[in-house]
Every structure is written in structure tokens, then in C-alpha cells.
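Data block for protein05.txt (compact mmCIF, C-alpha atoms):
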# COMPACT_ATOMS: atom_id res chain seq x y z
CA MET X 30 53.09 251.65 -30.38
CA ARG X 31 53.18 254.69 -32.62
CA HIS X 32 53.01 257.98 -30.72
CA THR X 33 51.37 261.09 -32.03
CA SER X 34 53.61 264.10 -31.74
CA LYS X 35 52.52 267.26 -30.00
CA ASP X 36 52.81 269.17 -33.26
CA GLN X 37 50.59 266.63 -35.04
CA PHE X 38 47.99 266.93 -32.25
CA VAL X 39 47.96 270.74 -32.54
CA MET X 40 47.64 270.58 -36.30
CA ASP X 41 44.61 268.29 -36.14
CA LYS X 42 42.92 270.64 -33.65
CA ARG X 43 43.15 273.66 -35.94
CA PRO X 44 39.84 275.08 -37.15
CA ARG X 45 39.21 273.94 -40.73
CA SER X 46 39.34 277.53 -41.96
CA LYS X 47 42.91 277.81 -40.64
CA LEU X 48 44.18 274.61 -42.23
CA ARG X 49 46.59 275.00 -45.11
CA MET X 50 46.40 272.58 -48.01
CA LYS X 51 49.68 270.97 -46.95
CA ASP X 52 48.19 270.31 -43.50
CA ILE X 53 45.39 268.20 -45.00
CA PRO X 54 46.24 264.48 -45.32
CA LEU X 55 47.37 263.72 -48.86
CA MET X 56 44.46 261.45 -49.80
CA SER X 57 41.95 263.98 -48.43
CA ARG X 58 43.10 266.73 -50.78
CA PRO X 59 40.64 267.37 -53.66
CA ARG X 60 43.00 266.47 -56.51
CA GLU X 61 44.32 263.31 -54.89
CA LYS X 62 40.84 262.33 -53.76
CA MET X 63 39.58 262.70 -57.31
CA LEU X 64 42.44 260.66 -58.72
CA GLY X 65 41.92 257.96 -56.11
CA SER X 66 38.21 257.53 -56.75
CA SER X 67 36.10 259.84 -58.96
CA PRO X 68 34.82 263.43 -59.09
CA LYS X 69 31.50 262.19 -57.68
CA SER X 70 33.20 261.50 -54.34
CA LEU X 71 34.07 265.18 -53.85
CA THR X 72 31.91 267.71 -52.06
CA ASP X 73 30.91 270.93 -53.83
CA SER X 74 33.59 272.87 -51.98
CA GLU X 75 36.23 270.27 -52.87
CA LEU X 76 35.28 270.43 -56.55
CA LEU X 77 35.54 274.19 -56.41
CA ALA X 78 38.89 273.87 -54.61
CA ALA X 79 40.15 271.68 -57.47
CA LEU X 80 39.35 274.56 -59.84
CA LEU X 81 40.90 277.17 -57.57
CA GLY X 82 44.12 275.21 -57.17
CA THR X 83 45.35 277.29 -54.23
CA GLY X 84 43.85 279.19 -51.35
CA MET X 85 45.14 282.32 -49.65
CA ARG X 86 47.03 283.22 -46.49
CA GLY X 87 45.32 281.47 -43.58
CA LYS X 88 42.75 279.72 -45.77
CA SER X 89 43.09 276.54 -47.83
CA ALA X 90 41.57 276.11 -51.28
CA VAL X 91 38.80 274.00 -49.73
CA SER X 92 38.03 276.68 -47.14
CA LEU X 93 38.05 279.33 -49.85
CA GLY X 94 35.67 277.19 -51.86
CA GLU X 95 33.37 276.86 -48.84
CA SER X 96 33.29 280.63 -48.31
CA ILE X 97 32.49 281.22 -52.00
CA LEU X 98 29.66 278.68 -51.91
CA LYS X 99 28.33 280.21 -48.72
CA ARG X 100 28.19 283.60 -50.41
CA TYR X 101 26.65 282.26 -53.63
CA SER X 102 24.54 279.27 -52.66
CA GLY X 103 22.75 276.99 -55.13
CA LYS X 104 22.81 278.05 -58.76
CA LYS X 105 23.74 281.64 -57.94
CA LEU X 106 27.46 280.91 -58.43
CA ALA X 107 26.85 279.89 -62.05
CA GLN X 108 25.28 283.30 -62.68
CA VAL X 109 27.78 285.50 -60.85
CA SER X 110 29.74 288.02 -62.93
CA PHE X 111 33.47 287.99 -63.50
CA SER X 112 33.91 291.27 -61.62
CA ASP X 113 32.05 289.91 -58.57
CA LEU X 114 34.23 286.78 -58.51
CA VAL X 115 37.43 288.80 -58.78
CA ALA X 116 36.28 290.95 -55.86
CA ILE X 117 36.21 287.94 -53.51
CA PRO X 118 39.39 287.92 -51.39
CA GLY X 119 41.70 285.13 -52.52
CA VAL X 120 40.14 284.63 -55.96
CA GLY X 121 41.64 287.07 -58.46
CA LYS X 122 41.43 287.04 -62.24
CA SER X 123 43.05 283.67 -62.90
CA LYS X 124 40.83 281.70 -60.51
CA ALA X 125 37.71 283.61 -61.56
CA THR X 126 38.46 282.74 -65.19
CA ARG X 127 38.75 279.02 -64.36
CA ILE X 128 35.47 279.04 -62.44
CA MET X 129 33.54 280.81 -65.19
CA ALA X 130 35.09 278.61 -67.89
CA ALA X 131 34.04 275.47 -65.98
CA PHE X 132 30.43 276.61 -65.67
CA GLU X 133 30.24 277.68 -69.31
CA LEU X 134 31.70 274.38 -70.51
CA GLY X 135 29.25 272.45 -68.37
CA GLU X 136 26.33 274.46 -69.69
CA ARG X 137 27.37 273.91 -73.29
CA PHE X 138 27.77 270.15 -72.87
CA PHE X 139 24.72 269.43 -70.74
CA ALA X 140 22.15 272.07 -71.67
CA SER X 141 19.17 270.59 -73.49
CA PRO X 142 19.46 271.38 -77.20
CA SER X 143 16.83 273.80 -78.37
CA LEU X 144 14.88 272.91 -81.47
CA THR X 145 14.70 276.60 -82.32
CA LYS X 146 18.49 277.05 -82.43
CA VAL X 147 20.34 276.78 -85.72
CA ILE X 148 23.93 275.57 -85.39
CA ILE X 149 26.46 276.69 -88.02
CA ARG X 150 29.66 274.62 -88.09
CA SER X 151 30.27 273.81 -91.76
CA GLY X 152 29.84 275.11 -95.26
CA GLU X 153 26.80 272.87 -95.66
CA ASP X 154 25.23 274.45 -92.58
CA VAL X 155 25.76 277.86 -94.15
CA LEU X 156 24.27 276.74 -97.47
CA SER X 157 21.12 275.56 -95.74
CA GLN X 158 20.52 279.17 -94.67
CA VAL X 159 21.33 280.96 -97.92
CA ARG X 160 20.61 278.43 -100.67
CA ASP X 161 17.90 280.67 -102.12
CA ILE X 162 20.35 283.37 -103.28
CA ALA X 163 22.26 280.90 -105.50
CA GLU X 164 19.50 281.30 -108.11
CA LYS X 165 19.35 285.09 -107.95
CA LYS X 166 20.22 287.05 -111.07
CA GLN X 167 21.71 289.83 -108.99
CA GLU X 168 24.41 289.50 -106.38
CA HIS X 169 23.15 289.39 -102.80
CA LEU X 170 25.43 289.77 -99.78
CA VAL X 171 24.21 288.04 -96.62
CA VAL X 172 25.82 288.01 -93.15
CA LEU X 173 25.26 285.29 -90.56
CA TYR X 174 25.91 286.45 -86.99
CA LEU X 175 26.89 283.67 -84.55
CA ASN X 176 27.39 283.37 -80.81
CA ALA X 177 30.21 281.46 -79.10
CA ARG X 178 28.24 278.22 -79.43
CA HIS X 179 28.01 278.61 -83.21
CA GLU X 180 24.29 279.32 -82.87
CA LEU X 181 22.78 281.62 -85.49
CA LEU X 182 21.71 284.86 -83.81
CA GLN X 183 20.64 286.72 -86.92
CA LYS X 184 20.75 286.51 -90.70
CA GLU X 185 20.77 289.78 -92.58
CA VAL X 186 20.86 290.79 -96.24
CA VAL X 187 23.31 293.67 -96.13
CA GLY X 188 23.16 294.65 -99.79
CA MET X 189 22.58 293.74 -103.41
CA GLY X 190 25.08 294.22 -106.23
CA THR X 191 28.75 293.30 -106.62
CA VAL X 192 30.98 293.77 -103.58
CA ASN X 193 32.87 296.39 -105.55
CA ASN X 194 29.76 298.37 -106.51
CA LEU X 195 28.25 298.08 -103.05
CA ARG X 196 31.28 299.79 -101.53
CA LEU X 197 30.45 298.26 -98.17
CA THR X 198 32.50 299.39 -95.20
CA PRO X 199 33.18 297.32 -92.07
CA ARG X 200 30.59 299.46 -90.29
CA GLU X 201 27.71 298.05 -92.36
CA ILE X 202 28.91 294.51 -91.68
CA PHE X 203 29.93 294.76 -88.01
CA ALA X 204 27.39 297.22 -86.56
CA PRO X 205 24.76 294.49 -86.02
CA ALA X 206 27.47 292.22 -84.60
CA LEU X 207 28.25 294.74 -81.85
CA GLN X 208 24.58 295.11 -80.96
CA LEU X 209 24.03 291.34 -80.85
CA ALA X 210 27.19 290.66 -78.83
CA CYS X 211 28.06 287.97 -81.35
CA ALA X 212 31.31 285.98 -81.27
CA SER X 213 31.93 285.64 -85.02
CA LEU X 214 30.27 286.15 -88.37
CA ILE X 215 30.13 284.59 -91.80
CA ILE X 216 29.72 286.53 -95.03
CA VAL X 217 28.03 284.94 -98.06
CA HIS X 218 27.39 286.29 -101.52
CA ASN X 219 26.35 284.73 -104.80
CA HIS X 220 27.82 284.79 -108.30
CA PRO X 221 24.99 284.82 -110.86
CA SER X 222 27.53 283.84 -113.54
CA GLY X 223 27.60 280.31 -112.11
CA ASP X 224 31.34 280.39 -111.35
CA PRO X 225 32.02 280.52 -107.58
CA GLU X 226 35.73 281.33 -107.95
CA PRO X 227 36.59 284.62 -106.16
CA SER X 228 37.45 287.73 -108.14
CA ASP X 229 40.17 290.19 -107.18
CA ASP X 230 37.45 292.42 -105.69
CA ASP X 231 36.19 289.48 -103.61
CA ILE X 232 39.68 288.80 -102.28
CA HIS X 233 40.28 292.47 -101.42
CA PHE X 234 36.88 292.73 -99.70
CA THR X 235 37.51 289.58 -97.67
CA THR X 236 40.91 290.81 -96.53
CA LYS X 237 39.42 294.14 -95.43
CA MET X 238 36.64 292.45 -93.45
CA HIS X 239 39.06 289.97 -91.89
CA GLU X 240 41.27 292.82 -90.67
CA ALA X 241 38.26 294.70 -89.29
CA GLY X 242 37.12 291.61 -87.43
CA GLU X 243 40.54 291.15 -85.87
CA MET X 244 40.50 294.76 -84.65
CA LEU X 245 36.99 294.49 -83.19
CA GLY X 246 37.49 291.06 -81.65
CA ILE X 247 34.71 289.58 -83.79
CA PRO X 248 36.49 287.30 -86.26
CA LEU X 249 35.31 286.67 -89.78
CA ALA X 250 34.81 282.90 -89.57
CA ASP X 251 34.42 282.49 -93.32
CA HIS X 252 33.35 284.12 -96.57
CA LEU X 253 31.46 281.87 -98.96
CA ILE X 254 30.74 282.54 -102.61
CA ILE X 255 27.88 280.41 -103.89
CA SER X 256 26.49 279.71 -107.34
CA LYS X 257 24.37 277.13 -109.15
CA SER X 258 27.43 274.95 -109.68
CA GLY X 259 28.76 274.95 -106.11
CA TYR X 260 30.50 277.20 -103.63
CA PHE X 261 33.92 278.55 -102.66
CA SER X 262 35.02 278.92 -99.03
CA PHE X 263 37.82 281.34 -98.16
CA LYS X 264 38.36 279.41 -94.94
CA ASP X 265 38.90 276.10 -96.74
CA GLY X 266 40.53 277.66 -99.80
CA LYS X 267 38.19 275.79 -102.15

Go ahead and express the file in the form of C-alpha cells.
Amino acid sequence: MRHTSKDQFVMDKRPRSKLRMKDIPLMSRPREKMLGSSPKSLTDSELLAALLGTGMRGKSAVSLGESILKRYSGKKLAQVSFSDLVAIPGVGKSKATRIMAAFELGERFFASPSLTKVIIRSGEDVLSQVRDIAEKKQEHLVVLYLNARHELLQKEVVGMGTVNNLRLTPREIFAPALQLACASLIIVHNHPSGDPEPSDDDIHFTTKMHEAGEMLGIPLADHLIISKSGYFSFKDGK
């Protein structure tokens, strides 16, 4: 007959909040439980514990997950700010980042697509928004402002004339981006000559805007030059 040790008996009698992760039977730990069956078998607190990875002194990851869920019940956790998560004892920046990233990823994958949203992922997507300026007899410079999901937030004609004559500064291009809280932007202008190949002025302008975007944390995703005969993408190099 197998005897249970005194230490084992004491361990099993500990309040759940006092259990350390190493005190929990191996196959009852969130990660091992998930590997042994599926994520659907885990409770909400166990799923959160899998994201947290570790707990804190005197509290396992599962117990920490339970306390977080108790504080932010239902869908409130998905809406909590980064600063509020970091303020919870035992969470910190790294764990808060993982939690917020998980909710954002889930929202992006499972949110119902809106028919009113325009997604910009390719040169063809850009062309569908600015095709009209390809026929213009004067150069038009258009900026597409995008969020982190590549959704078009705003399209704006910033100026008319060659990029050299316009003498545009990063302020004219990026001021709307800061107000919209956009994640990236795409610049488009047309060549009435019919040749979409970039000029030296185009190259210099693109470099300047790329550098400004890097400094502001709003990257220039691409600069397209369009004409009747086709288009040139600085991102693709053709």
C-alpha cells in the first residue's frame, strides 16, 4: 500500500491562493493541461495563467489569473488599459504586454469584417483608391493613412504640382497621421508624362519622408508613382 507523506498531506491542504505552480500536479498545470487535451479544456483563469507564465511570491499563475479576472470580470479585461494592468501586483510590463497582445490578436482574427472598412495590403489596393489621378494633367500628391489593421482611416490630397515645386515638409504629411493615431501611411503621386519611373526629386522626397516616419514612429509603408501606363512602388522597387 502506498502511503501519503505528511508533507504531501500538508501541501494538498494549502489554500489554492497559497499554492505555487510547482505544487500543482504536473497534468493540472495550464500548459501541460493544454498540451494533453486542448485549450477548450482550460478555465478562464488557466488560460490567463498560460499567458502570464509565472505568478508572484505566495501566488501561482493560476491564482494570479483568478484575481485579475475577479477584478475585471466579463469583457472588462479586454478593455483595460496597459497602465492599469501593469499596476496589478504580480503583472508588470512583460505580462501586461502578453495579455493585451492576446486580446488584440483575437479581436483582429474573429471580429466581424465591416463592409465600410477599406483594407490596404497591396499596390492594387492602393490603386483602387487613387486611380482617378492617373489621368490628371497636373501632379497630385495623395496620402493614405492606415491603422494597425491596414484599414484606411483617411485619404487626403496634400498638394498639386511636382514634389519639388510643392516643397512639402514632413509636417504637412504627418500632421494628420498624429491626429488620427494611425500606424503607417502610403504616399501616392501621379506622373502626367505617362512614365512612372521615379525622378531624382522623387527619390530625395521619399528618403526624407521615410526618415521622418522612422523618427515619429509612423512608418512610410510605401510611395507609389502612378501613370496611364502603370505604377512604380518604392517598397517593391518596381

Report task. In Å, rounded to a single decimal, give me how far atom CA of Lys264 of chain X is from atom CA of Ile216 of chain X. Result ->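 Here the two named atoms are 11.2 Å from each other.
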
**Report entry** Close residues, Ala163 of chain X itself excluded, 12 Å, only C-alpha atoms, min 6 positions apart in chain, as a VMD selection string
**Finding:** chain X and resid 156 to 157 169 to 171 217 to 225 253 to 260

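Straight-line separation from atom CA of Arg100 of chain X to atom CA of Ile128 of chain X: 14.8 Å.
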
Query raised in the report: What is the atom CA of Leu245 of chain X-atom CA of Ala107 of chain X distance in Å, reported with one decimal?
Result: 27.6 Å

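Checking X:Glu168, X:Thr83, X:Phe139, X:Ile97 one by one against Ala116 of chain X, counting all atoms listed in the file, you find the shortest gap at X:Ile97.
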
Query raised in the report: Given the choices X:Asp229, X:Leu182, X:Val172, X:Gln167, which gets closest to Gln208 of chain X if the distance is worked out from only C-alpha atoms?
Result: X:Leu182

Report task. Name the residues, using the chain letters and numbers of the file, that sit within 10 Å of (33.6, 289.0, -94.0) when counting all atoms listed in the file, and give them as a ChimeraX atom specification. Result -> /X:171-173,199,202-203,213-217,231,234-242,248-253,263
